[in-house]
$ cat final32.cif   # mmCIF, C-alpha atoms
data_structure
#
loop_
_atom_site.label_atom_id
_atom_site.label_comp_id
_atom_site.auth_asym_id
_atom_site.auth_seq_id
_atom_site.Cartn_x
_atom_site.Cartn_y
_atom_site.Cartn_z
CA ASP A 2 39.70 51.53 -19.24
CA SER A 3 36.81 53.65 -17.94
CA GLY A 4 38.94 55.70 -15.55
CA VAL A 5 37.00 54.42 -12.54
CA THR A 6 39.14 52.44 -10.09
CA GLN A 7 38.00 49.98 -7.48
CA THR A 8 39.93 48.22 -4.77
CA PRO A 9 40.36 45.50 -3.87
CA LYS A 10 39.74 43.38 -6.94
CA HIS A 11 38.95 40.30 -4.90
CA LEU A 12 37.97 39.86 -1.27
CA ILE A 13 37.39 36.64 0.61
CA THR A 14 36.03 36.83 4.11
CA ALA A 15 33.91 34.95 6.61
CA THR A 16 30.31 35.31 7.67
CA GLY A 17 29.76 37.95 10.32
CA GLN A 18 32.73 40.03 9.22
CA ARG A 19 32.81 43.60 7.94
CA VAL A 20 34.53 44.81 4.78
CA THR A 21 35.07 48.10 3.01
CA LEU A 22 35.12 48.50 -0.75
CA ARG A 23 36.68 51.57 -2.26
CA CYS A 24 35.99 53.46 -5.45
CA SER A 25 37.64 56.43 -7.13
CA PRO A 26 35.54 58.08 -9.84
CA ARG A 27 36.75 59.33 -13.21
CA SER A 28 38.50 62.64 -13.07
CA GLY A 29 35.85 65.38 -13.14
CA ASP A 30 32.90 63.15 -12.28
CA LEU A 31 30.97 64.26 -9.22
CA SER A 32 28.61 61.35 -8.79
CA VAL A 33 29.25 57.79 -7.69
CA TYR A 34 26.88 54.83 -7.85
CA TRP A 35 27.15 51.40 -6.25
CA TYR A 36 25.67 48.25 -7.79
CA GLN A 37 25.53 44.61 -6.75
CA GLN A 38 25.62 41.77 -9.27
CA SER A 39 24.67 38.42 -7.77
CA LEU A 40 24.71 35.10 -9.65
CA ASP A 41 20.95 34.86 -9.92
CA GLN A 42 20.14 38.55 -10.31
CA GLY A 43 20.93 41.36 -12.68
CA LEU A 44 22.72 44.52 -11.75
CA GLN A 45 20.96 45.91 -8.67
CA PHE A 46 21.31 49.57 -7.84
CA LEU A 47 22.32 50.14 -4.23
CA ILE A 48 23.02 53.83 -3.66
CA GLN A 49 24.19 57.04 -5.34
CA TYR A 50 26.18 60.00 -4.07
CA TYR A 51 26.65 63.37 -5.65
CA ASN A 52 29.39 65.70 -4.44
CA GLY A 53 29.42 64.13 -1.00
CA GLU A 54 25.66 63.92 -0.49
CA GLU A 55 23.41 60.90 -0.82
CA ARG A 56 21.19 61.45 -3.89
CA ALA A 57 19.34 58.20 -4.48
CA LYS A 58 18.83 54.95 -2.67
CA GLY A 59 17.98 51.56 -4.11
CA ASN A 60 17.79 48.11 -2.61
CA ILE A 61 20.53 48.64 -0.08
CA LEU A 62 20.36 46.54 3.07
CA GLU A 63 20.57 48.19 6.49
CA ARG A 64 23.80 46.26 7.09
CA PHE A 65 25.35 48.16 4.19
CA SER A 66 26.34 51.80 4.23
CA ALA A 67 28.28 54.11 1.97
CA GLN A 68 29.78 57.55 1.90
CA GLN A 69 31.49 59.89 -0.51
CA PHE A 70 34.43 61.86 0.77
CA PRO A 71 35.53 65.45 -0.05
CA ASP A 72 38.04 64.13 -2.61
CA LEU A 73 35.01 62.38 -4.23
CA HIS A 74 36.17 58.83 -3.64
CA SER A 75 33.55 56.57 -2.15
CA GLU A 76 33.48 53.61 0.19
CA LEU A 77 30.86 50.93 0.56
CA ASN A 78 30.82 49.26 3.95
CA LEU A 79 29.28 45.82 4.29
CA SER A 80 28.83 44.44 7.79
CA SER A 81 27.53 41.27 9.45
CA LEU A 82 28.25 39.55 6.19
CA GLU A 83 26.13 36.61 5.09
CA LEU A 84 26.75 33.97 2.45
CA GLY A 85 24.17 35.67 0.24
CA ASP A 86 26.25 38.85 0.13
CA SER A 87 28.74 37.10 -2.12
CA ALA A 88 28.58 39.05 -5.36
CA LEU A 89 30.37 41.36 -7.74
CA TYR A 90 30.13 44.94 -6.52
CA PHE A 91 30.47 47.65 -9.13
CA CYS A 92 31.07 51.30 -8.69
CA ALA A 93 30.15 53.69 -11.49
CA SER A 94 30.66 57.40 -11.85
CA SER A 95 29.03 60.13 -13.89
CA LEU A 96 29.49 63.82 -14.42
CA THR A 97 26.26 65.35 -13.16
CA GLY A 98 24.49 62.54 -11.34
CA GLN A 99 21.34 63.13 -13.37
CA GLY A 100 20.52 59.59 -14.43
CA LEU A 101 18.27 60.64 -17.30
CA THR A 102 20.98 60.99 -19.92
CA ASP A 103 24.17 61.03 -17.91
CA THR A 104 26.46 58.20 -18.99
CA GLN A 105 27.65 56.03 -16.14
CA TYR A 106 31.20 54.72 -16.38
CA PHE A 107 31.73 51.46 -14.56
CA GLY A 108 34.78 50.36 -12.64
CA PRO A 109 36.24 46.84 -12.88
CA GLY A 110 34.31 45.63 -9.82
CA THR A 111 35.19 43.96 -6.54
CA ARG A 112 34.44 40.26 -6.29
CA LEU A 113 33.35 39.50 -2.73
CA THR A 114 33.22 35.93 -1.53
CA VAL A 115 31.77 35.22 1.89
CA LEU A 116 32.62 31.79 3.27
CA ILE B 11 8.55 46.68 -8.57
CA LEU B 12 9.46 47.88 -12.03
CA ASN B 13 9.93 45.17 -14.65
CA VAL B 14 12.61 45.44 -17.31
CA GLU B 15 12.82 42.24 -19.33
CA GLN B 16 15.28 41.21 -21.99
CA SER B 17 14.83 38.39 -24.42
CA PRO B 18 16.22 36.06 -25.31
CA GLN B 19 18.51 35.39 -22.34
CA SER B 20 21.18 34.08 -24.66
CA LEU B 21 21.85 33.90 -28.34
CA HIS B 22 24.33 31.99 -30.52
CA VAL B 23 25.08 33.70 -33.81
CA GLN B 24 27.26 32.59 -36.68
CA GLU B 25 29.98 35.04 -37.66
CA GLY B 26 28.71 37.30 -40.41
CA ASP B 27 25.04 36.87 -39.52
CA SER B 28 22.92 39.70 -38.23
CA THR B 29 20.85 39.43 -35.09
CA ASN B 30 18.56 41.40 -32.84
CA PHE B 31 17.07 41.15 -29.39
CA THR B 32 14.57 42.94 -27.23
CA CYS B 33 14.28 45.02 -24.10
CA SER B 34 10.76 45.49 -22.71
CA PHE B 35 9.94 48.15 -20.16
CA PRO B 36 6.91 49.99 -18.73
CA SER B 37 5.40 52.29 -21.35
CA SER B 38 4.18 54.78 -18.76
CA ASN B 39 6.41 57.45 -17.22
CA PHE B 40 9.13 56.91 -19.79
CA TYR B 41 12.14 59.20 -19.66
CA ALA B 42 15.14 57.31 -20.98
CA LEU B 43 16.53 53.90 -21.84
CA HIS B 44 20.22 53.10 -21.66
CA TRP B 45 22.02 50.26 -23.44
CA TYR B 46 25.26 48.81 -22.14
CA ARG B 47 27.64 46.21 -23.46
CA TRP B 48 29.38 43.96 -20.95
CA GLU B 49 32.25 41.77 -22.11
CA THR B 50 33.37 38.88 -19.92
CA ALA B 51 35.94 39.89 -17.28
CA LYS B 52 35.41 43.57 -18.08
CA SER B 53 32.97 46.19 -16.83
CA PRO B 54 29.75 47.38 -18.48
CA GLU B 55 30.33 50.01 -21.13
CA ALA B 56 27.71 52.51 -22.28
CA LEU B 57 26.42 52.13 -25.85
CA PHE B 58 23.39 54.40 -26.20
CA VAL B 59 21.01 56.61 -24.30
CA MET B 60 17.61 56.83 -25.94
CA THR B 61 14.93 59.31 -24.97
CA LEU B 62 12.51 59.91 -27.85
CA ASN B 63 9.91 57.58 -29.30
CA GLY B 64 11.08 56.44 -32.70
CA ASP B 65 14.69 57.22 -31.80
CA GLU B 66 17.32 55.25 -33.66
CA LYS B 67 20.95 55.24 -32.61
CA LYS B 68 23.95 53.65 -34.31
CA LYS B 69 27.51 52.84 -33.30
CA GLY B 70 29.45 50.93 -35.93
CA ARG B 71 27.58 47.70 -36.65
CA ILE B 72 25.35 48.05 -33.61
CA SER B 73 22.11 50.01 -33.70
CA ALA B 74 19.07 50.42 -31.49
CA THR B 75 15.49 51.53 -31.93
CA LEU B 76 12.98 52.73 -29.39
CA ASN B 77 9.19 52.43 -29.12
CA THR B 78 8.06 54.15 -25.94
CA LYS B 79 4.35 53.78 -26.66
CA GLU B 80 4.52 50.00 -26.61
CA GLY B 81 7.46 49.79 -24.25
CA TYR B 82 10.24 48.10 -26.14
CA SER B 83 13.63 48.68 -27.68
CA TYR B 84 15.49 46.50 -30.16
CA LEU B 85 19.25 46.20 -30.39
CA TYR B 86 20.62 45.04 -33.74
CA ILE B 87 24.04 43.71 -34.59
CA LYS B 88 24.79 43.66 -38.31
CA GLY B 89 27.34 41.18 -39.64
CA SER B 90 28.25 39.82 -36.19
CA GLN B 91 31.93 39.37 -35.40
CA PRO B 92 33.50 37.33 -32.57
CA GLU B 93 34.39 40.57 -30.80
CA ASP B 94 30.66 41.33 -30.51
CA SER B 95 30.37 38.46 -28.04
CA ALA B 96 29.18 40.06 -24.81
CA THR B 97 26.16 40.52 -22.59
CA TYR B 98 24.00 43.43 -23.69
CA LEU B 99 22.11 45.17 -20.92
CA CYS B 100 19.29 47.65 -21.13
CA ALA B 101 18.45 49.96 -18.24
CA PHE B 102 15.24 51.93 -17.70
CA TYR B 103 15.57 55.31 -16.06
CA GLU B 104 13.20 55.79 -13.13
CA ALA B 105 12.70 59.49 -12.56
CA ALA B 106 11.13 58.97 -9.14
CA GLY B 107 14.29 57.46 -7.77
CA ASN B 108 16.80 58.98 -10.24
CA LYS B 109 18.07 55.49 -10.85
CA LEU B 110 18.57 52.92 -13.56
CA THR B 111 16.78 49.58 -13.37
CA PHE B 112 18.67 47.01 -15.41
CA GLY B 113 17.26 44.09 -17.32
CA GLY B 114 18.79 40.65 -16.96
CA GLY B 115 20.76 40.99 -20.18
CA THR B 116 21.05 39.09 -23.44
CA ARG B 117 24.26 37.09 -23.71
CA VAL B 118 25.45 36.98 -27.32
CA LEU B 119 28.03 34.45 -28.45
CA VAL B 120 29.32 34.85 -31.98
CA LYS B 121 30.80 31.66 -33.36
CA PRO B 122 33.56 31.86 -35.98
#
$ encode --input "final32.cif" --output "structure tokens"
Amino acid sequence: DSGVTQTPKHLITATGQRVTLRCSPRSGDLSVYWYQQSLDQGLQFLIQYYNGEERAKGNILERFSAQQFPDLHSELNLSSLELGDSALYFCASSLTGQGLTDTQYFGPGTRLTVL
Amino acid sequence: ILNVEQSPQSLHVQEGDSTNFTCSFPSSNFYALHWYRWETAKSPEALFVMTLNGDEKKKGRISATLNTKEGYSYLYIKGSQPEDSATYLCAFYEAAGNKLTFGGGTRVLVKP
């Protein structure tokens, strides 16, 4: 158990809908990362927050947005969902948010299925 | 687009045998390479962070080496056990974006 929690574990929804994925980092970690794992692709970095502020952005679609709250939990909002958004979404947390040597601890993931 | 490649994609190993596989990455602007182990139905777990050319790290029966000049890292498993069955991911640290770019992984299946 990494200490990172994600809810829900599974989510099934329809195209065009909007969902929110939630992540609580390990106790003491200030940075949160979001990743997408699709069937045909490796882990794709979406976005990173550090202490409430956006720090780095990856291949995140405009339909997706995220935020980190004062209690350090984070939410990833996915809207106007398409079939291709079906994937495993991971949240990871780290202490300092400096990706160079900071270990990222991954949560169990949220499996999103868009029908 | 930065290319991080892992080969082979999958590997079957007999219990007790040793094995190794490769992560290739750009040799320019190198800062760090991370290795993760990802067991089925679990989440990726950090193994090593490697920063220096010639670096060698070890954790139990698993070890890794790093060649930043030629842009590759090897991960070795000595005396493979069924519990070593997992996907092993490498991730290249991009300083420009402060982010990790992951390779596609090598899936290792250790057969008893």
$ residues_around --input "final32.cif" --residues "Phe102 of chain B" --least-positions-apart "2" --cutoff "8 Å" --atoms "all atoms listed in the file" --output "list in words"
Val14, Phe35, Ala42, Leu43, His44, Cys100, Glu104, Leu110, Thr111 and Phe112 of chain B
$ write_last_selection --input "final32.cif" --atoms "C-alpha atoms" --output "tab-separated table (two decimals), keeping the file's coordinate frame"
chain	number	residue	atom	x	y	z
B	14	VAL	CA	12.61	45.44	-17.31
B	35	PHE	CA	9.94	48.15	-20.16
B	42	ALA	CA	15.14	57.31	-20.98
B	43	LEU	CA	16.53	53.90	-21.84
B	44	HIS	CA	20.22	53.10	-21.66
B	100	CYS	CA	19.29	47.65	-21.13
B	104	GLU	CA	13.20	55.79	-13.13
B	110	LEU	CA	18.57	52.92	-13.56
B	111	THR	CA	16.78	49.58	-13.37
B	112	PHE	CA	18.67	47.01	-15.41
$ interface_residues --input "final32.cif" --of "chain A" --to "chain B" --cutoff "12 Å" --atoms "all atoms listed in the file" --output "number ranges by chain"
A: 2-7, 10, 33-51, 55-60, 89-95, 97-112
$ atom_distance --input "final32.cif" --atom1 "atom CA of Ile61 of chain A" --atom2 "atom CA of Thr114 of chain A"
18.0 Å
$ closest_residue --input "final32.cif" --among "B:Thr29, B:Ser95, B:Ser83, B:Ser38" --to "Glu15 of chain B" --atoms "all atoms listed in the file"
B:Ser83
$ residues_around --input "final32.cif" --residues "segment 69-85 of chain A" --least-positions-apart "4" --cutoff "6 Å" --atoms "only C-alpha atoms" --output "VMD selection string"
chain A and resid 16 to 25 53 64 to 65 115
$ closest_residue --input "final32.cif" --among "B:Gly26, B:Gln16, B:Leu119, B:Lys88" --to "Lys69 of chain B" --atoms "only C-alpha atoms"
B:Lys88
$ atom_distance --input "final32.cif" --atom1 "atom CA of Asp94 of chain B" --atom2 "atom CA of Val120 of chain B"
6.8 Å
$ closest_residue --input "final32.cif" --among "B:Leu62, B:Thr75, B:Val23, B:Leu12" --to "Val118 of chain B" --atoms "only C-alpha atoms"
B:Val23
